[in-house]
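Shown here: target_1.pdb, PDB, C-alpha atoms and all ligand atoms.
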```
MODEL        1
ATOM      1  CA  MET A   1       0.000   0.000   0.000
ATOM      2  CA  ARG A   2       1.018   3.638  -0.390
ATOM      3  CA  MET A   3       0.869   5.683   2.816
ATOM      4  CA  LEU A   4       1.041   9.445   3.061
ATOM      5  CA  ILE A   5       2.328  10.609   6.437
ATOM      6  CA  THR A   6       2.170  14.317   7.267
ATOM      7  CA  GLY A   7       4.635  15.303   9.948
ATOM      8  CA  GLY A   8       6.639  12.264   8.836
ATOM      9  CA  ALA A   9       9.930  13.828   9.933
ATOM     10  CA  GLY A  10       8.576  14.482  13.411
ATOM     11  CA  PHE A  11       8.858  12.301  16.498
ATOM     12  CA  ILE A  12       5.793  10.082  15.991
ATOM     13  CA  GLY A  13       5.637  10.431  12.191
ATOM     14  CA  SER A  14       9.190   9.148  11.729
ATOM     15  CA  HIS A  15       8.359   5.992  13.714
ATOM     16  CA  LEU A  16       5.343   5.443  11.435
ATOM     17  CA  CYS A  17       7.526   5.904   8.316
ATOM     18  CA  LYS A  18       9.917   3.273   9.667
ATOM     19  CA  HIS A  19       7.135   0.855  10.533
ATOM     20  CA  PHE A  20       5.641   0.962   7.036
ATOM     21  CA  LEU A  21       8.977   0.823   5.207
ATOM     22  CA  ASP A  22       9.995  -2.169   7.355
ATOM     23  CA  ASN A  23       6.752  -3.865   6.311
ATOM     24  CA  GLY A  24       7.346  -3.316   2.582
ATOM     25  CA  HIS A  25       4.902  -0.436   2.007
ATOM     26  CA  LYS A  26       5.514   2.757   0.056
ATOM     27  CA  VAL A  27       5.705   5.948   2.114
ATOM     28  CA  ILE A  28       5.229   9.547   1.051
ATOM     29  CA  CYS A  29       6.451  11.718   3.909
ATOM     30  CA  VAL A  30       5.311  15.351   4.003
ATOM     31  CA  ASP A  31       6.968  17.769   6.411
ATOM     32  CA  ASP A  32       7.990  21.433   6.424
ATOM     33  CA  PHE A  33      10.658  20.897   9.126
ATOM     34  CA  SER A  34       8.962  23.443  11.390
ATOM     35  CA  THR A  35       9.549  20.962  14.214
ATOM     36  CA  GLY A  36      10.389  17.810  12.257
ATOM     37  CA  ARG A  37      14.068  16.952  11.842
ATOM     38  CA  LYS A  38      16.162  15.807   8.885
ATOM     39  CA  GLU A  39      17.994  13.353  11.186
ATOM     40  CA  ASN A  40      14.727  11.477  11.805
ATOM     41  CA  ILE A  41      14.353  10.523   8.132
ATOM     42  CA  ALA A  42      18.041  10.402   7.079
ATOM     43  CA  ASP A  43      18.081   6.578   7.043
ATOM     44  CA  PHE A  44      15.057   6.383   4.725
ATOM     45  CA  LEU A  45      16.281   8.669   1.939
ATOM     46  CA  THR A  46      18.051   5.856   0.067
ATOM     47  CA  ASN A  47      15.005   3.551   0.298
ATOM     48  CA  GLN A  48      13.236   3.359  -3.085
ATOM     49  CA  ASN A  49       9.886   3.050  -1.326
ATOM     50  CA  PHE A  50      10.355   6.411   0.393
ATOM     51  CA  LYS A  51       9.494   9.773  -1.099
ATOM     52  CA  PHE A  52       9.875  13.094   0.700
ATOM     53  CA  ILE A  53       7.881  16.241   0.000
ATOM     54  CA  GLU A  54       8.922  19.406   1.879
ATOM     55  CA  ARG A  55       5.683  21.257   2.373
ATOM     56  CA  ASP A  56       3.372  23.076   4.759
ATOM     57  CA  ILE A  57       0.089  21.099   4.782
ATOM     58  CA  ALA A  58      -1.923  24.295   5.275
ATOM     59  CA  LYS A  59      -1.410  24.650   1.513
ATOM     60  CA  PRO A  60      -3.195  22.193  -0.812
ATOM     61  CA  LEU A  61      -1.154  19.173  -1.822
ATOM     62  CA  GLU A  62      -1.303  16.989  -4.913
ATOM     63  CA  PRO A  63       1.211  14.162  -4.548
ATOM     64  CA  GLY A  64       0.485  12.835  -8.069
ATOM     65  CA  GLU A  65       0.205   9.202  -6.989
ATOM     66  CA  LYS A  66      -2.707   7.122  -5.761
ATOM     67  CA  ILE A  67      -2.753   7.071  -1.946
ATOM     68  CA  ASP A  68      -4.279   4.239   0.108
ATOM     69  CA  GLN A  69      -3.923   5.582   3.654
ATOM     70  CA  ILE A  70      -3.235   9.034   5.100
ATOM     71  CA  PHE A  71      -1.842   9.661   8.575
ATOM     72  CA  ASN A  72      -2.324  13.330   9.471
ATOM     73  CA  PHE A  73       0.377  13.838  12.094
ATOM     74  CA  ALA A  74       1.747  17.290  11.153
ATOM     75  CA  CYS A  75       1.575  19.895  13.947
ATOM     76  CA  PRO A  76       4.010  21.202  16.539
ATOM     77  CA  ALA A  77       3.037  19.445  19.779
ATOM     78  CA  SER A  78       5.242  20.919  22.463
ATOM     79  CA  PRO A  79       3.712  23.957  24.245
ATOM     80  CA  PRO A  80       6.669  26.352  23.635
ATOM     81  CA  ARG A  81       6.816  25.310  19.979
ATOM     82  CA  TYR A  82       3.108  25.531  19.175
ATOM     83  CA  GLN A  83       2.829  28.844  21.030
ATOM     84  CA  LYS A  84       5.692  30.384  19.066
ATOM     85  CA  ASP A  85       3.497  30.915  15.998
ATOM     86  CA  PRO A  86      -0.045  30.275  17.275
ATOM     87  CA  ILE A  87      -1.800  31.364  14.075
ATOM     88  CA  GLN A  88       0.270  28.961  12.013
ATOM     89  CA  THR A  89      -0.492  26.200  14.572
ATOM     90  CA  MET A  90      -4.220  26.741  14.067
ATOM     91  CA  LYS A  91      -3.761  26.799  10.272
ATOM     92  CA  THR A  92      -1.838  23.525  10.389
ATOM     93  CA  SER A  93      -4.624  21.819  12.346
ATOM     94  CA  ILE A  94      -7.589  23.243  10.477
ATOM     95  CA  LEU A  95      -6.430  24.003   6.911
ATOM     96  CA  GLY A  96      -4.066  21.025   7.041
ATOM     97  CA  SER A  97      -6.922  18.693   8.030
ATOM     98  CA  LEU A  98      -9.168  20.144   5.317
ATOM     99  CA  ASN A  99      -6.496  19.625   2.681
ATOM    100  CA  MET A 100      -5.831  16.068   3.801
ATOM    101  CA  LEU A 101      -9.540  15.215   4.014
ATOM    102  CA  GLU A 102      -9.963  16.474   0.433
ATOM    103  CA  LEU A 103      -7.045  14.317  -0.628
ATOM    104  CA  ALA A 104      -8.604  11.313   1.133
ATOM    105  CA  ARG A 105     -11.899  11.975  -0.627
ATOM    106  CA  LYS A 106     -10.275  12.149  -4.077
ATOM    107  CA  ASN A 107      -8.247   8.996  -3.463
ATOM    108  CA  ASN A 108     -10.905   7.052  -1.603
ATOM    109  CA  ALA A 109      -8.254   6.642   1.068
ATOM    110  CA  ARG A 110      -8.666   5.879   4.759
ATOM    111  CA  ILE A 111      -7.431   8.815   6.858
ATOM    112  CA  MET A 112      -6.331   9.018  10.494
ATOM    113  CA  GLN A 113      -6.195  12.200  12.537
ATOM    114  CA  ALA A 114      -3.605  12.512  15.295
ATOM    115  CA  SER A 115      -5.732  14.187  17.930
ATOM    116  CA  THR A 116      -4.626  14.725  21.479
ATOM    117  CA  SER A 117      -5.427  14.546  25.175
ATOM    118  CA  GLU A 118      -5.321  18.365  24.955
ATOM    119  CA  VAL A 119      -8.927  18.229  23.714
ATOM    120  CA  TYR A 120      -9.799  17.541  27.387
ATOM    121  CA  GLY A 121      -8.095  20.803  28.467
ATOM    122  CA  ASP A 122      -7.684  21.070  32.243
ATOM    123  CA  PRO A 123     -10.010  18.137  32.906
ATOM    124  CA  LYS A 124     -12.656  18.070  35.611
ATOM    125  CA  VAL A 125     -13.217  14.336  35.080
ATOM    126  CA  HIS A 126     -10.392  12.003  36.042
ATOM    127  CA  PRO A 127      -9.283   9.759  34.359
ATOM    128  CA  GLN A 128     -10.548  11.022  31.006
ATOM    129  CA  PRO A 129     -12.876   8.812  28.957
ATOM    130  CA  GLU A 130     -13.620   9.661  25.306
ATOM    131  CA  SER A 131     -17.172  10.605  26.284
ATOM    132  CA  TYR A 132     -15.872  13.573  28.332
ATOM    133  CA  TRP A 133     -16.203  16.816  26.349
ATOM    134  CA  GLY A 134     -13.377  18.581  28.127
ATOM    135  CA  ASN A 135     -12.640  21.843  29.888
ATOM    136  CA  VAL A 136     -10.772  24.006  27.387
ATOM    137  CA  ASN A 137     -10.069  27.725  27.619
ATOM    138  CA  PRO A 138     -10.966  29.056  24.140
ATOM    139  CA  ILE A 139      -8.826  32.217  24.398
ATOM    140  CA  GLY A 140      -5.735  31.123  26.318
ATOM    141  CA  VAL A 141      -2.162  30.540  25.167
ATOM    142  CA  ARG A 142      -2.780  26.805  24.671
ATOM    143  CA  SER A 143      -5.992  27.363  22.696
ATOM    144  CA  CYS A 144      -4.299  27.521  19.279
ATOM    145  CA  TYR A 145      -3.369  23.867  19.743
ATOM    146  CA  ASP A 146      -6.349  22.628  21.807
ATOM    147  CA  GLU A 147      -9.058  24.329  19.766
ATOM    148  CA  GLY A 148      -7.247  23.623  16.494
ATOM    149  CA  LYS A 149      -7.210  19.912  17.310
ATOM    150  CA  ARG A 150     -10.845  20.012  18.463
ATOM    151  CA  ALA A 151     -11.907  21.718  15.216
ATOM    152  CA  ALA A 152      -9.921  19.114  13.260
ATOM    153  CA  GLU A 153     -11.894  16.327  14.978
ATOM    154  CA  THR A 154     -15.101  18.139  13.986
ATOM    155  CA  LEU A 155     -13.959  18.333  10.350
ATOM    156  CA  PHE A 156     -13.127  14.634  10.324
ATOM    157  CA  PHE A 157     -16.565  13.643  11.611
ATOM    158  CA  ASP A 158     -18.349  16.090   9.280
ATOM    159  CA  TYR A 159     -16.495  14.644   6.269
ATOM    160  CA  GLN A 160     -17.495  11.195   7.464
ATOM    161  CA  ARG A 161     -21.170  12.194   7.816
ATOM    162  CA  LYS A 162     -21.327  14.244   4.621
ATOM    163  CA  TYR A 163     -19.113  12.266   2.228
ATOM    164  CA  GLY A 164     -18.727   8.905   3.967
ATOM    165  CA  THR A 165     -14.952   9.497   4.273
ATOM    166  CA  ASP A 166     -13.247   6.520   5.912
ATOM    167  CA  ILE A 167     -11.869   8.222   9.048
ATOM    168  CA  ARG A 168     -10.081   7.134  12.200
ATOM    169  CA  VAL A 169      -9.363   9.498  15.125
ATOM    170  CA  VAL A 170      -6.874   8.770  17.922
ATOM    171  CA  ARG A 171      -6.363  10.973  20.981
ATOM    172  CA  ILE A 172      -2.722  10.680  21.899
ATOM    173  CA  PHE A 173      -1.593  11.241  25.484
ATOM    174  CA  ASN A 174       1.963  12.303  26.439
ATOM    175  CA  THR A 175       4.365  10.096  24.513
ATOM    176  CA  TYR A 176       8.150   9.873  24.685
ATOM    177  CA  GLY A 177      11.028   7.958  23.160
ATOM    178  CA  PRO A 178      13.818   8.084  20.576
ATOM    179  CA  ASN A 179      13.557  10.731  17.815
ATOM    180  CA  MET A 180      12.205  13.375  20.190
ATOM    181  CA  ASP A 181      13.902  16.679  19.560
ATOM    182  CA  PRO A 182      16.268  17.376  22.497
ATOM    183  CA  ASP A 183      15.298  21.083  22.275
ATOM    184  CA  ASP A 184      11.574  20.484  21.987
ATOM    185  CA  GLY A 185      10.898  21.795  25.482
ATOM    186  CA  ARG A 186       8.768  18.870  26.656
ATOM    187  CA  VAL A 187       9.165  17.493  30.123
ATOM    188  CA  VAL A 188      10.782  14.118  29.334
ATOM    189  CA  SER A 189      13.256  15.519  26.780
ATOM    190  CA  ASN A 190      14.063  18.501  29.017
ATOM    191  CA  PHE A 191      14.709  16.447  32.166
ATOM    192  CA  ILE A 192      16.822  13.798  30.432
ATOM    193  CA  THR A 193      18.978  16.259  28.482
ATOM    194  CA  GLN A 194      19.371  18.466  31.572
ATOM    195  CA  ALA A 195      20.475  15.473  33.658
ATOM    196  CA  LEU A 196      22.910  14.303  30.975
ATOM    197  CA  LYS A 197      24.422  17.807  30.725
ATOM    198  CA  ASN A 198      24.623  18.217  34.535
ATOM    199  CA  GLU A 199      22.221  21.156  34.334
ATOM    200  CA  ASP A 200      19.497  21.589  36.920
ATOM    201  CA  LEU A 201      16.139  19.953  36.202
ATOM    202  CA  THR A 202      13.496  22.654  35.773
ATOM    203  CA  ILE A 203      10.207  21.735  37.450
ATOM    204  CA  TYR A 204       7.451  24.188  36.538
ATOM    205  CA  GLY A 205       5.188  24.976  39.510
ATOM    206  CA  ASP A 206       5.357  22.670  42.539
ATOM    207  CA  GLY A 207       5.715  19.530  40.404
ATOM    208  CA  MET A 208       2.506  18.044  41.824
ATOM    209  CA  GLN A 209       0.732  18.187  38.449
ATOM    210  CA  THR A 210       0.412  14.731  36.901
ATOM    211  CA  ARG A 211       0.929  13.228  33.458
ATOM    212  CA  SER A 212       0.802   9.673  32.123
ATOM    213  CA  PHE A 213       3.740   8.810  29.906
ATOM    214  CA  GLN A 214       3.483   6.368  27.038
ATOM    215  CA  TYR A 215       6.461   4.856  25.237
ATOM    216  CA  ILE A 216       6.475   5.354  21.460
ATOM    217  CA  ASP A 217       6.395   1.621  20.544
ATOM    218  CA  ASP A 218       3.139   1.148  22.468
ATOM    219  CA  LEU A 219       1.617   4.122  20.675
ATOM    220  CA  VAL A 220       2.655   2.865  17.217
ATOM    221  CA  ALA A 221       1.064  -0.537  17.982
ATOM    222  CA  GLY A 222      -2.186   1.222  18.982
ATOM    223  CA  ILE A 223      -2.187   3.447  15.887
ATOM    224  CA  ILE A 224      -1.774   0.450  13.567
ATOM    225  CA  LYS A 225      -4.540  -1.507  15.319
ATOM    226  CA  MET A 226      -6.846   1.480  15.053
ATOM    227  CA  MET A 227      -6.063   2.175  11.395
ATOM    228  CA  ASP A 228      -6.455  -1.481  10.405
ATOM    229  CA  ASN A 229      -9.663  -2.189  12.313
ATOM    230  CA  GLU A 230     -12.396  -3.205   9.886
ATOM    231  CA  LYS A 231     -15.173  -2.991  12.483
ATOM    232  CA  ASN A 232     -15.942   0.534  11.365
ATOM    233  CA  PHE A 233     -14.744   1.730  14.757
ATOM    234  CA  LEU A 234     -13.906   5.362  13.939
ATOM    235  CA  GLY A 235     -12.969   6.668  17.385
ATOM    236  CA  PRO A 236     -12.099   8.968  18.887
ATOM    237  CA  VAL A 237     -10.092   6.555  20.985
ATOM    238  CA  ASN A 238      -7.602   7.370  23.735
ATOM    239  CA  LEU A 239      -4.091   5.985  23.245
ATOM    240  CA  GLY A 240      -1.998   6.493  26.329
ATOM    241  CA  ASN A 241      -0.462   4.782  29.324
ATOM    242  CA  PRO A 242      -2.710   4.991  32.408
ATOM    243  CA  ASP A 243       0.224   4.868  34.873
ATOM    244  CA  GLU A 244       0.125   8.355  36.358
ATOM    245  CA  PHE A 245       3.119  10.231  37.813
ATOM    246  CA  THR A 246       3.665  13.688  39.208
ATOM    247  CA  VAL A 247       6.215  15.780  37.348
ATOM    248  CA  LYS A 248       8.322  15.718  40.530
ATOM    249  CA  GLU A 249       8.284  11.903  40.565
ATOM    250  CA  LEU A 250       9.440  11.920  36.943
ATOM    251  CA  ALA A 251      12.346  14.252  37.767
ATOM    252  CA  GLU A 252      13.363  12.088  40.742
ATOM    253  CA  LYS A 253      13.149   8.889  38.692
ATOM    254  CA  ILE A 254      15.385  10.298  35.957
ATOM    255  CA  LEU A 255      17.974  11.476  38.504
ATOM    256  CA  GLU A 256      17.841   8.042  40.164
ATOM    257  CA  MET A 257      18.523   6.404  36.789
ATOM    258  CA  LEU A 258      21.481   8.725  36.158
ATOM    259  CA  PRO A 259      23.362   8.570  39.493
ATOM    260  CA  GLU A 260      26.492  10.075  37.900
ATOM    261  CA  SER A 261      24.596  13.304  37.128
ATOM    262  CA  LYS A 262      25.432  16.390  39.193
ATOM    263  CA  SER A 263      22.052  17.978  38.440
ATOM    264  CA  LYS A 264      19.663  19.157  41.133
ATOM    265  CA  ILE A 265      15.986  20.045  40.964
ATOM    266  CA  VAL A 266      14.999  23.726  40.652
ATOM    267  CA  TYR A 267      11.509  25.204  40.598
ATOM    268  CA  GLN A 268      10.250  27.718  38.015
ATOM    269  CA  ASP A 269       6.921  29.419  37.311
ATOM    270  CA  LEU A 270       4.061  27.244  36.092
ATOM    271  CA  PRO A 271       3.041  28.139  32.513
ATOM    272  CA  GLN A 272      -0.454  29.563  31.975
ATOM    273  CA  ASP A 273      -3.309  27.018  31.660
ATOM    274  CA  ASP A 274      -1.011  24.098  32.504
ATOM    275  CA  PRO A 275      -3.353  21.128  33.128
ATOM    276  CA  LYS A 276      -3.211  19.842  36.715
ATOM    277  CA  GLN A 277      -3.776  16.202  35.863
ATOM    278  CA  ARG A 278      -3.897  13.941  32.862
ATOM    279  CA  LYS A 279      -4.589  10.226  32.728
ATOM    280  CA  PRO A 280      -6.334   8.270  29.993
ATOM    281  CA  ASP A 281      -9.235   5.926  30.549
ATOM    282  CA  ILE A 282      -8.283   3.253  28.011
ATOM    283  CA  SER A 283     -11.279   0.908  28.452
ATOM    284  CA  LEU A 284     -12.475   1.680  24.925
ATOM    285  CA  ALA A 285      -9.116   0.839  23.292
ATOM    286  CA  LYS A 286      -8.940  -2.367  25.351
ATOM    287  CA  LYS A 287     -12.424  -3.403  24.277
ATOM    288  CA  GLU A 288     -12.400  -2.360  20.620
ATOM    289  CA  LEU A 289      -8.748  -2.863  19.724
ATOM    290  CA  THR A 290      -7.539  -5.334  22.376
ATOM    291  CA  TRP A 291      -4.714  -2.879  22.905
ATOM    292  CA  GLU A 292      -2.981  -1.704  26.037
ATOM    293  CA  PRO A 293       0.512  -0.348  26.659
ATOM    294  CA  LYS A 294       3.134  -2.869  27.736
ATOM    295  CA  ILE A 295       6.253  -0.793  28.373
ATOM    296  CA  ARG A 296       6.711   0.501  31.882
ATOM    297  CA  LEU A 297       8.125   3.972  32.518
ATOM    298  CA  GLU A 298      11.558   2.820  33.667
ATOM    299  CA  GLU A 299      12.092   0.559  30.663
ATOM    300  CA  GLY A 300      11.041   3.286  28.233
ATOM    301  CA  LEU A 301      13.114   5.934  29.991
ATOM    302  CA  LYS A 302      16.188   3.719  29.767
ATOM    303  CA  LYS A 303      15.873   3.481  25.963
ATOM    304  CA  THR A 304      15.179   7.206  25.723
ATOM    305  CA  ILE A 305      18.197   8.080  27.886
ATOM    306  CA  ASP A 306      20.382   5.915  25.601
ATOM    307  CA  TYR A 307      19.011   7.782  22.571
ATOM    308  CA  PHE A 308      19.632  11.255  24.016
ATOM    309  CA  ARG A 309      23.101  10.228  25.157
ATOM    310  CA  THR A 310      23.970   9.348  21.538
ATOM    311  CA  VAL A 311      22.436  12.588  20.219
ATOM    312  CA  LEU A 312      24.270  14.767  22.760
ATOM    313  CA  ASP A 313      27.571  12.915  22.158
ATOM    314  CA  GLY A 314      27.158  13.726  18.452
ATOM    315  CA  GLN A 315      26.780  17.430  19.275
ATOM    316  CA  LYS A 316      30.102  17.576  21.192
TER     317      LYS A 316
HETATM  318  N1  LIG A 401       7.292  20.709  32.688
HETATM  319  C1  LIG A 401       8.215  20.933  33.671
HETATM  320  N2  LIG A 401       9.511  21.208  33.323
HETATM  321  C2  LIG A 401       9.912  21.259  32.017
HETATM  322  C3  LIG A 401       8.950  21.022  31.006
HETATM  323  C4  LIG A 401       7.649  20.766  31.373
HETATM  324  O1  LIG A 401       7.915  20.889  34.892
HETATM  325  O2  LIG A 401      11.101  21.499  31.776
HETATM  326  C5  LIG A 401       5.906  20.388  33.084
HETATM  327  C6  LIG A 401       4.824  21.192  32.368
HETATM  328  O3  LIG A 401       4.571  22.409  33.031
HETATM  329  C7  LIG A 401       3.655  20.223  32.440
HETATM  330  C8  LIG A 401       4.295  18.851  32.343
HETATM  331  O4  LIG A 401       5.655  19.044  32.723
HETATM  332  O5  LIG A 401       2.977  20.323  33.668
HETATM  333  C9  LIG A 401       4.234  18.246  30.954
HETATM  334  O6  LIG A 401       4.711  19.186  30.044
HETATM  335  P1  LIG A 401       4.940  18.914  28.513
HETATM  336  O7  LIG A 401       5.379  20.217  27.917
HETATM  337  O8  LIG A 401       5.803  17.745  28.301
HETATM  338  O9  LIG A 401       3.505  18.501  27.930
HETATM  339  P2  LIG A 401       1.975  18.896  28.195
HETATM  340  O10 LIG A 401       1.392  17.653  28.768
HETATM  341  O11 LIG A 401       1.877  20.055  29.168
HETATM  342  O12 LIG A 401       1.449  19.249  26.848
ENDMDL
END
```
If you convert what's in this file into structure tokens, what do you get?
Amino acid sequence: MRMLITGGAGFIGSHLCKHFLDNGHKVICVDDFSTGRKENIADFLTNQNFKFIERDIAKPLEPGEKIDQIFNFACPASPPRYQKDPIQTMKTSILGSLNMLELARKNNARIMQASTSEVYGDPKVHPQPESYWGNVNPIGVRSCYDEGKRAAETLFFDYQRKYGTDIRVVRIFNTYGPNMDPDDGRVVSNFITQALKNEDLTIYGDGMQTRSFQYIDDLVAGIIKMMDNEKNFLGPVNLGNPDEFTVKELAEKILEMLPESKSKIVYQDLPQDDPKQRKPDISLAKKELTWEPKIRLEEGLKKTIDYFRTVLDGQK
């Protein structure tokens, strides 16, 4: 099959490219390198089944080949990155989704939207099931991402109702692993690179806010199961690891795993609208996809530390 992956040079997108190339499929990767990285796709460039298009998906795209499946994964996902150019973030989610849905319609292709736990905002229901409509500030600094992703979900379901487009929607919770950008500004990449560089670990706020961290391989397995399900199960479905940790626990765990590090913990201001807690209810994914994450935090962190160590060694 021929897959089109937007955001294919990004953290999650590059793992999807690899998965499909390893399984003998053809991959068209679309990325404008706004947060995606050339290093993430360097190994694929010599593969005959891989084609790269450098492009902003907010502009219409005509790849010129018949596409079987589209994975719409383009969008900066780290708060400092998506807030840097909030109008472009909204365009990527909304115009990008429209363009990809049109492409799916023309090609009769199945299309998946990478949605996010951010659609739940600062949730008043804990853990979050898909049936919860969320608690999102429409005019805050995170809104460009949260509302953009919410509007994208709406577009997907309206295309499905109006044109019968074959859609799948996954809501991805915090995910980490190799191919994350060390300068992305997310908590796992920040803490690990800080610890490796003997810089202090920056906890925002008191560190009592919680997140649930999913390792990339578990997420990829869930995405594939969702895309391939023939039960007409469209989603949205939560994909995340329900093990919940405070940010402080995460910092302590990383320091424990790197005993040679001279880093200490320091506290900084909490960013505006930072959600206090986040944990997926994954009953629906268990029931419909017989999927659940298998990789525990320590195991995933170990692989991620090894990855960042190699990246930082290369920068010396
Ligand atoms: N965070 C932190 N220190 C950092 C980066 C992030 O304490 O260096 C906190 C952030 O305020 C949030 C949590 O870690 O409460 C997760 O942040 P991240 O940016 O990874 O993702 P989010 O889930 O907020 O989108």
Discussion item. Counting all atoms listed in the file, what are the residues, protein, DNA or RNA alike, that approach ligand LIG 401 (chain A) to within 9 Å? I want them as a PyMOL selection string.
Written reply: chain A and resi 77-80+117-118+142+173-176+184-191+194+201-212+246-248+251+267-272+274-278
Worksheet item: What is the distance between CA of Asn238 in chain A and CA of Met257 in chain A, in Å to one decimal?
Response: 29.2 Å
Fill in: Hits of the PyMOL selection byres (((chain A and resi 101) around 12) and not hetatm) in this structure, as a ChimeraX atom specification
/A:57-58,60-61,69-72,93-100,102-113,152-160,162-168
Practice prompt. Take the point (22.3, 17.2, 21.5) in the file's coordinates, draw a sphere of radius 12 Å around it, and report as a list in words every protein, DNA or RNA residue with an atom inside or on it, counting all atoms listed in the file.
Written response: Glu39, Asn179, Met180, Asp181, Pro182, Asp183, Asp184, Ser189, Asn190, Ile192, Thr193, Gln194, Leu196, Lys197, Ile305, Tyr307, Phe308, Arg309, Thr310, Val311, Leu312, Asp313, Gly314, Gln315 and Lys316 of chain A
Skipping near chain neighbours, those fewer than 5 positions away, what residues fall within 10 Å of Glu298 in chain A using all atoms listed in the file, listed as a PDB file with C-alpha atoms, in the frame of the given file?
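Saved the output as selection_2.pdb:
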```pdb
ATOM      1  CA  LEU A 250       9.440  11.920  36.943  1.00  0.00           C
ATOM      2  CA  LYS A 253      13.149   8.889  38.692  1.00  0.00           C
ATOM      3  CA  ILE A 254      15.385  10.298  35.957  1.00  0.00           C
ATOM      4  CA  MET A 257      18.523   6.404  36.789  1.00  0.00           C
ATOM      5  CA  LYS A 303      15.873   3.481  25.963  1.00  0.00           C
ATOM      6  CA  THR A 304      15.179   7.206  25.723  1.00  0.00           C
TER       7      THR A 304
END
```
Worksheet item: Counting only C-alpha atoms, which of A:Ala74, A:Val119, A:Ala221, A:Gly240 gets nearest to Ile282 in chain A?
Response: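 Of A:Ala74, A:Val119, A:Ala221, A:Gly240, the one nearest Ile282 in chain A is A:Gly240, counting only C-alpha atoms.
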Using only C-alpha atoms, tabulate the residues of range 206-252 of chain A lying at most 10 Å from any atom of range 10-29 of chain A, each with its closest atom pair and that distance in Å to one decimal, by chain and increasing residue number, as a Markdown table.
```
| residue | atom | partner | partner_atom | distance |
| --- | --- | --- | --- | --- |
| A:Ile216 | CA | A:Ile12 | CA | 7.3 |
| A:Asp217 | CA | A:His15 | CA | 8.3 |
| A:Leu219 | CA | A:Ile12 | CA | 8.7 |
| A:Val220 | CA | A:Leu16 | CA | 6.9 |
| A:Ala221 | CA | A:His19 | CA | 9.7 |
| A:Ile223 | CA | A:Leu16 | CA | 9.0 |
| A:Ile224 | CA | A:Leu16 | CA | 9.0 |
```
Go ahead and dump the residues you just picked, C-alpha atoms, as a compact mmCIF listing (two decimals), keeping the file's coordinate frame.
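What follows is the written file again_33.txt:
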```txt
# COMPACT_ATOMS: atom_id res chain seq x y z
CA ILE A 216 6.48 5.35 21.46
CA ASP A 217 6.40 1.62 20.54
CA LEU A 219 1.62 4.12 20.68
CA VAL A 220 2.66 2.86 17.22
CA ALA A 221 1.06 -0.54 17.98
CA ILE A 223 -2.19 3.45 15.89
CA ILE A 224 -1.77 0.45 13.57
```
Practice prompt. Provide the CA of Gly148 in chain A to CA of Met90 in chain A distance in Å, to one decimal place.
Written response: 5.0 Å
Rebuild range 256-264 of chain A to N, CA, C and O atoms - output it as a PDB file, in the frame of the given file, please.
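To be explicit, this is the file written out as result-v5.pdb:
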```pdb
ATOM      1  N   GLU A 256      17.506   9.350  39.584  1.00  0.00           N
ATOM      2  CA  GLU A 256      17.841   8.042  40.164  1.00  0.00           C
ATOM      3  C   GLU A 256      18.487   7.132  39.105  1.00  0.00           C
ATOM      4  O   GLU A 256      19.398   6.371  39.398  1.00  0.00           O
ATOM      5  N   MET A 257      18.003   7.254  37.865  1.00  0.00           N
ATOM      6  CA  MET A 257      18.523   6.404  36.789  1.00  0.00           C
ATOM      7  C   MET A 257      19.850   6.923  36.246  1.00  0.00           C
ATOM      8  O   MET A 257      20.514   6.237  35.488  1.00  0.00           O
ATOM      9  N   LEU A 258      20.195   8.150  36.605  1.00  0.00           N
ATOM     10  CA  LEU A 258      21.481   8.725  36.158  1.00  0.00           C
ATOM     11  C   LEU A 258      22.277   9.175  37.385  1.00  0.00           C
ATOM     12  O   LEU A 258      22.485  10.375  37.602  1.00  0.00           O
ATOM     13  N   PRO A 259      22.732   8.197  38.217  1.00  0.00           N
ATOM     14  CA  PRO A 259      23.362   8.570  39.493  1.00  0.00           C
ATOM     15  C   PRO A 259      24.640   9.393  39.313  1.00  0.00           C
ATOM     16  O   PRO A 259      25.051  10.101  40.233  1.00  0.00           O
ATOM     17  N   GLU A 260      25.256   9.324  38.132  1.00  0.00           N
ATOM     18  CA  GLU A 260      26.492  10.075  37.900  1.00  0.00           C
ATOM     19  C   GLU A 260      26.218  11.564  37.664  1.00  0.00           C
ATOM     20  O   GLU A 260      27.124  12.393  37.691  1.00  0.00           O
ATOM     21  N   SER A 261      24.937  11.917  37.440  1.00  0.00           N
ATOM     22  CA  SER A 261      24.596  13.304  37.128  1.00  0.00           C
ATOM     23  C   SER A 261      24.765  14.214  38.353  1.00  0.00           C
ATOM     24  O   SER A 261      24.441  13.832  39.473  1.00  0.00           O
ATOM     25  N   LYS A 262      25.252  15.433  38.082  1.00  0.00           N
ATOM     26  CA  LYS A 262      25.432  16.390  39.193  1.00  0.00           C
ATOM     27  C   LYS A 262      24.233  17.339  39.288  1.00  0.00           C
ATOM     28  O   LYS A 262      24.248  18.301  40.049  1.00  0.00           O
ATOM     29  N   SER A 263      23.214  17.073  38.487  1.00  0.00           N
ATOM     30  CA  SER A 263      22.052  17.978  38.440  1.00  0.00           C
ATOM     31  C   SER A 263      21.244  17.939  39.731  1.00  0.00           C
ATOM     32  O   SER A 263      21.178  16.915  40.398  1.00  0.00           O
ATOM     33  N   LYS A 264      20.617  19.091  40.012  1.00  0.00           N
ATOM     34  CA  LYS A 264      19.663  19.157  41.133  1.00  0.00           C
ATOM     35  C   LYS A 264      18.315  19.580  40.561  1.00  0.00           C
ATOM     36  O   LYS A 264      18.233  19.901  39.378  1.00  0.00           O
TER      37      LYS A 264
END
```
